[in-house]
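Below is one structure, written out as structure tokens, with a few remarks after it.
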Amino acid sequence: MRRLFGAALLSCVLASPVSAQLGLADSLYNASMSALERGDSVRYRDMMERAATAMPEGHMNRPFVQYQAARADALTGHIAESVMWLGRTFHEGIEGLMVWYATRDSAFAQVLRSSEYRPLSTEIDHLALKVMPLAGPLLLLEGAGGNSLVSIGPDGTFLVDAGYVPGGPAIGRVLADRKWPLPAWIVLTHAHEDHTGGVPALSEHAHVLAHPEAIAQLKKPQEFIEGVDAPAKPFAGAIEPVPQERTIPFNGDTIVILPMPAHSGGDLLVWFPTSRVLHTGDNFLPGANPFLELGGIRDIEAYLANMGTFLDRLDPATRIVPGHGSVRTLAELRAIYRKTADCVDFVRRNKAAGTSLDDIKAQGAQMGIGAGWIERAYRRVGVRE
């Protein structure tokens, strides 16, 4: 089971009053995983429940730790407690449908058969999404997994991201209740399950688009945690690749779909210039550094240059729909972009000066830059003359 949770919690430069809580949650989480490896199930469960309790309310990683607490209870035979944590994950709504992974996780076999789980299962099956008008024909759908965006108008329905498996039917109910057609187009910002699982329930008449790398990823199982995968997607072979910028006239706008690999290696930005709305997928996560993991960035300098050029194309009033969380302003996206560029420059300058990786980490710790982030940046940055 992976233990790099702490690196994923900390943004590049921490200035948040919740940083102490995050540090405590990180420490408890790692202690729990160490106990599991030693076979100490009592300490494993206790530490994981304490980690979930320590996670700040509203933090994007909170549902993941709550899921792990539910798993710890399931593995130690505490059925009611496991259902309680799954219920918290679902009802808090940060990424409630993460509980879907329990259906893929053998640890929950007894939980899923229990009477305690049935009411929660019914709620999941009847999930109602929050629908928020944005601008012109655009509406934000919250609750399917990642944020979904729909354009409704004379040309039909255009959808950005389809959520988890149960999110697809939930989006379908939103459309059916308003007598809107199923999507003519579905754009997937990247391959992760919380953005793609709902496609089969919505794609009967749709052209489905994704980055070529996302298509390749969807053709294989994708690991959630060790031993728990989202399955390969049979529909992946029918997806149309978007290897370069593409425009689609639709409902009075000229929608721009732009490859911008960063979060996953197969990311698309979806821009509605007339409505002044940008869906970034998980390239922007409010409250955290959007390029934190650096997993999909092969050339940091090229990425920052490309992203900077793109941001300069946007109207200052553009509203930003991130992959998760509330709608933000372009100024907020620019601020985190600049913070990321500053962090990259810090690593680059020290690397060029011959500073050892350990010393860069030590300096970074004084600035609140996570050691894991520095390691990934160090491997990818070039040294300028």
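Following the order of the structure tokens, first chain is A, next is B, and so on, with residues numbered from 1 inside each chain and ligands from 1 in the order they appear.
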
* To do: Pull the strand (DSSP E or B) assignments for range 103-230 of chain A out of DSSP run on the backbone, and list those residues as a PyMOL selection string.
  => chain A and resi 130-135+138-142+148-153+156-160+185-187+207-210+222-225+228-230

query = DSSP says helix (DSSP H, G or I) for which residues of range 36-203 of chain A? Put them as number ranges by chain?
reply = A: 36-38, 41-54, 62-75, 79-92, 96-104, 106-112, 118-125, 167-177, 193-196, 199-201

Selection file, C-alpha atoms, as an mmCIF file, in the first residue's frame:
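Written file, part_0.cif:
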```cif
data_model
loop_
_atom_site.group_PDB
_atom_site.id
_atom_site.type_symbol
_atom_site.label_atom_id
_atom_site.label_comp_id
_atom_site.auth_asym_id
_atom_site.auth_seq_id
_atom_site.Cartn_x
_atom_site.Cartn_y
_atom_site.Cartn_z
ATOM 1 C CA LEU A 36 -0.335 -2.501 8.838
ATOM 2 C CA GLU A 37 2.977 -3.654 7.385
ATOM 3 C CA ARG A 38 3.970 -5.023 10.802
ATOM 4 C CA SER A 41 -4.144 -4.337 13.096
ATOM 5 C CA VAL A 42 -5.207 -2.618 16.340
ATOM 6 C CA ARG A 43 -2.725 0.249 15.912
ATOM 7 C CA TYR A 44 -3.366 0.338 12.161
ATOM 8 C CA ARG A 45 -7.072 0.983 12.695
ATOM 9 C CA ASP A 46 -6.553 3.449 15.548
ATOM 10 C CA MET A 47 -3.976 5.550 13.698
ATOM 11 C CA MET A 48 -5.999 5.617 10.459
ATOM 12 C CA GLU A 49 -9.170 6.745 12.207
ATOM 13 C CA ARG A 50 -7.182 9.456 13.975
ATOM 14 C CA ALA A 51 -5.659 10.528 10.630
ATOM 15 C CA ALA A 52 -9.141 10.854 9.123
ATOM 16 C CA THR A 53 -10.312 12.871 12.117
ATOM 17 C CA ALA A 54 -7.268 15.158 11.898
ATOM 18 C CA ARG A 62 -10.060 14.316 3.240
ATOM 19 C CA PRO A 63 -12.213 11.774 1.322
ATOM 20 C CA PHE A 64 -9.144 9.651 0.563
ATOM 21 C CA VAL A 65 -8.188 9.401 4.232
ATOM 22 C CA GLN A 66 -11.805 8.747 5.220
ATOM 23 C CA TYR A 67 -11.928 5.939 2.659
ATOM 24 C CA GLN A 68 -8.768 4.490 4.193
ATOM 25 C CA ALA A 69 -10.326 4.709 7.664
ATOM 26 C CA ALA A 70 -13.363 2.830 6.332
ATOM 27 C CA ARG A 71 -10.991 0.249 4.855
ATOM 28 C CA ALA A 72 -9.135 -0.139 8.148
ATOM 29 C CA ASP A 73 -12.431 -0.790 9.916
ATOM 30 C CA ALA A 74 -13.529 -3.235 7.202
ATOM 31 C CA LEU A 75 -10.271 -5.197 7.384
ATOM 32 C CA ILE A 79 -18.667 -3.163 9.887
ATOM 33 C CA ALA A 80 -20.803 -0.373 11.351
ATOM 34 C CA GLU A 81 -17.765 1.874 11.787
ATOM 35 C CA SER A 82 -16.658 1.180 8.216
ATOM 36 C CA VAL A 83 -20.078 2.175 6.897
ATOM 37 C CA MET A 84 -19.932 5.312 9.047
ATOM 38 C CA TRP A 85 -16.689 6.434 7.384
ATOM 39 C CA LEU A 86 -18.020 5.619 3.919
ATOM 40 C CA GLY A 87 -21.107 7.647 4.757
ATOM 41 C CA ARG A 88 -19.010 10.605 5.848
ATOM 42 C CA THR A 89 -17.032 10.411 2.620
ATOM 43 C CA PHE A 90 -20.225 10.371 0.574
ATOM 44 C CA HIS A 91 -22.196 13.013 2.472
ATOM 45 C CA GLU A 92 -19.447 15.619 2.807
ATOM 46 C CA GLY A 96 -18.268 11.646 -2.298
ATOM 47 C CA LEU A 97 -18.369 9.027 -5.022
ATOM 48 C CA MET A 98 -14.871 7.901 -4.092
ATOM 49 C CA VAL A 99 -16.865 5.332 -2.103
ATOM 50 C CA TRP A 100 -17.425 3.586 -5.465
ATOM 51 C CA TYR A 101 -13.961 2.074 -5.088
ATOM 52 C CA ALA A 102 -15.323 -0.047 -2.236
ATOM 53 C CA THR A 103 -17.149 -2.078 -4.896
ATOM 54 C CA ARG A 104 -13.734 -2.869 -6.421
ATOM 55 C CA SER A 106 -12.081 -6.992 -1.583
ATOM 56 C CA ALA A 107 -11.561 -5.470 1.874
ATOM 57 C CA PHE A 108 -15.201 -4.341 1.789
ATOM 58 C CA ALA A 109 -16.765 -7.678 0.778
ATOM 59 C CA GLN A 110 -18.453 -8.187 4.151
ATOM 60 C CA VAL A 111 -19.409 -4.518 4.440
ATOM 61 C CA LEU A 112 -21.190 -4.480 1.077
ATOM 62 C CA ARG A 118 -27.945 -0.878 2.322
ATOM 63 C CA PRO A 119 -29.244 2.646 3.096
ATOM 64 C CA LEU A 120 -25.992 4.195 1.860
ATOM 65 C CA SER A 121 -26.096 2.044 -1.264
ATOM 66 C CA THR A 122 -29.609 3.333 -1.974
ATOM 67 C CA GLU A 123 -28.458 6.940 -1.564
ATOM 68 C CA ILE A 124 -25.606 6.366 -4.005
ATOM 69 C CA ASP A 125 -27.983 4.829 -6.543
ATOM 70 C CA GLY A 167 -22.095 9.771 -11.715
ATOM 71 C CA GLY A 168 -23.037 8.938 -15.301
ATOM 72 C CA PRO A 169 -26.651 7.962 -14.472
ATOM 73 C CA ALA A 170 -26.865 10.972 -12.128
ATOM 74 C CA ILE A 171 -25.887 13.301 -14.990
ATOM 75 C CA GLY A 172 -28.362 11.463 -17.196
ATOM 76 C CA ARG A 173 -31.139 12.148 -14.670
ATOM 77 C CA VAL A 174 -30.303 15.872 -14.673
ATOM 78 C CA LEU A 175 -30.678 15.912 -18.453
ATOM 79 C CA ALA A 176 -33.810 13.757 -18.538
ATOM 80 C CA ASP A 177 -35.586 15.740 -15.793
ATOM 81 C CA GLU A 193 -11.848 7.356 -12.863
ATOM 82 C CA ASP A 194 -13.568 10.309 -11.200
ATOM 83 C CA HIS A 195 -13.754 12.022 -14.596
ATOM 84 C CA THR A 196 -14.382 9.087 -16.942
ATOM 85 C CA VAL A 199 -19.111 7.733 -19.893
ATOM 86 C CA PRO A 200 -20.985 4.490 -20.764
ATOM 87 C CA ALA A 201 -24.264 5.824 -19.318
#
```

I'd like the contact shell of Leu218 in chain A - 8 Å cut-off, only C-alpha atoms, skipping same-chain residues fewer than 5 positions apart - returned as a VMD selection string.
chain A and resid 191 232 to 233 236

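The interatomic distance for the pair CA of Arg319 in chain A and CA of Gly93 in chain A works out to 21.8 Å.
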
For this session: Show which residues sit within 10 Å of Gly308 in chain A, as a list in words. Count only C-alpha atoms, and ignore same-chain residues fewer than 6 positions away.
Result: Ala302, Arg334, Tyr337, Arg338 and Ala341 of chain A

Review point. To one decimal place, how far is CA of Gly281 in chain A from CA of Gly364 in chain A in Å?
Key: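 It comes out at 28.0 Å.
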
Which neighbours of Val242 in chain A fall inside 12 Å, counting only C-alpha atoms, when residues of the same chain fewer than 3 positions from it are skipped, and could you give them as a PyMOL selection string?
chain A and resi 187-190+207-215+239+245-248+256-261+266-270

Preceding selection exported with C-alpha atoms as a short mmCIF file (atom, residue, chain, number, x, y, z; two decimals), in the first residue's frame:
```
data_model
loop_
_atom_site.label_atom_id
_atom_site.label_comp_id
_atom_site.auth_asym_id
_atom_site.auth_seq_id
_atom_site.Cartn_x
_atom_site.Cartn_y
_atom_site.Cartn_z
CA VAL A 187 -14.65 15.77 -23.63
CA LEU A 188 -12.56 14.02 -20.97
CA THR A 189 -10.02 16.31 -19.33
CA HIS A 190 -7.94 13.25 -18.36
CA HIS A 207 -18.43 11.81 -29.95
CA VAL A 208 -16.01 11.21 -27.07
CA LEU A 209 -12.72 13.13 -27.14
CA ALA A 210 -9.56 12.78 -25.02
CA HIS A 211 -5.82 13.30 -25.17
CA PRO A 212 -3.99 10.41 -26.90
CA GLU A 213 -2.15 9.57 -23.68
CA ALA A 214 -5.45 9.52 -21.77
CA ILE A 215 -6.82 7.03 -24.29
CA ILE A 239 -12.50 7.71 -28.30
CA GLU A 245 -5.58 22.37 -30.31
CA ARG A 246 -9.04 21.83 -31.75
CA THR A 247 -12.13 24.04 -32.00
CA ILE A 248 -15.78 22.98 -32.09
CA VAL A 256 -11.33 25.39 -27.71
CA ILE A 257 -9.88 22.04 -26.62
CA LEU A 258 -6.19 22.31 -25.84
CA PRO A 259 -3.72 19.57 -24.81
CA MET A 260 -1.83 20.63 -21.67
CA PRO A 261 -0.31 17.54 -20.00
CA GLY A 266 -2.92 13.16 -20.85
CA ASP A 267 -4.66 16.40 -19.89
CA LEU A 268 -6.94 18.70 -21.89
CA LEU A 269 -8.12 22.22 -21.12
CA VAL A 270 -11.62 23.09 -22.37
#
```

- Spatial neighbours of Thr329 in chain A, 10 Å, only C-alpha atoms, chain gap at least 5 places, as a list in words: Val277, Leu278, Pro316, Ala317, Thr318, Arg319, Ile320, Val321 and Arg334 of chain A

Which residues, written as a tab-separated table (two decimals) with all heavy atoms, in the first residue's frame, have at least one atom at most 6 Å from Ala206 in chain A, with only C-alpha atoms counted and residues fewer than 3 positions away on the same chain left out?
```tsv
chain	number	residue	atom	x	y	z
A	183	PRO	N	-25.61	13.81	-24.37
A	183	PRO	CA	-24.55	14.58	-25.02
A	183	PRO	C	-24.29	14.18	-26.47
A	183	PRO	O	-24.27	13.00	-26.81
A	183	PRO	CB	-23.32	14.28	-24.14
A	183	PRO	CG	-23.88	13.90	-22.82
A	183	PRO	CD	-25.16	13.17	-23.12
A	184	ALA	N	-24.06	15.21	-27.28
A	184	ALA	CA	-23.54	14.99	-28.63
A	184	ALA	C	-22.03	14.90	-28.60
A	184	ALA	O	-21.42	14.25	-29.44
A	184	ALA	CB	-23.99	16.12	-29.55
A	185	TRP	N	-21.42	15.58	-27.61
A	185	TRP	CA	-19.98	15.57	-27.43
A	185	TRP	C	-19.67	15.35	-25.95
A	185	TRP	O	-20.34	15.93	-25.08
A	185	TRP	CB	-19.35	16.91	-27.85
A	185	TRP	CG	-19.48	17.24	-29.30
A	185	TRP	CD1	-20.52	17.90	-29.90
A	185	TRP	CD2	-18.54	16.94	-30.34
A	185	TRP	NE1	-20.29	18.03	-31.25
A	185	TRP	CE2	-19.08	17.45	-31.55
A	185	TRP	CE3	-17.31	16.29	-30.37
A	185	TRP	CZ2	-18.42	17.33	-32.76
A	185	TRP	CZ3	-16.65	16.18	-31.58
A	185	TRP	CH2	-17.20	16.70	-32.75
A	203	SER	N	-22.93	8.05	-23.41
A	203	SER	CA	-22.23	8.19	-24.69
A	203	SER	C	-22.91	7.51	-25.87
A	203	SER	O	-22.29	7.36	-26.93
A	203	SER	CB	-20.81	7.64	-24.54
A	203	SER	OG	-20.83	6.28	-24.15
```

In Å and to one decimal, CA of Thr254 in chain A is distant from CA of Met307 in chain A by 19.9 Å
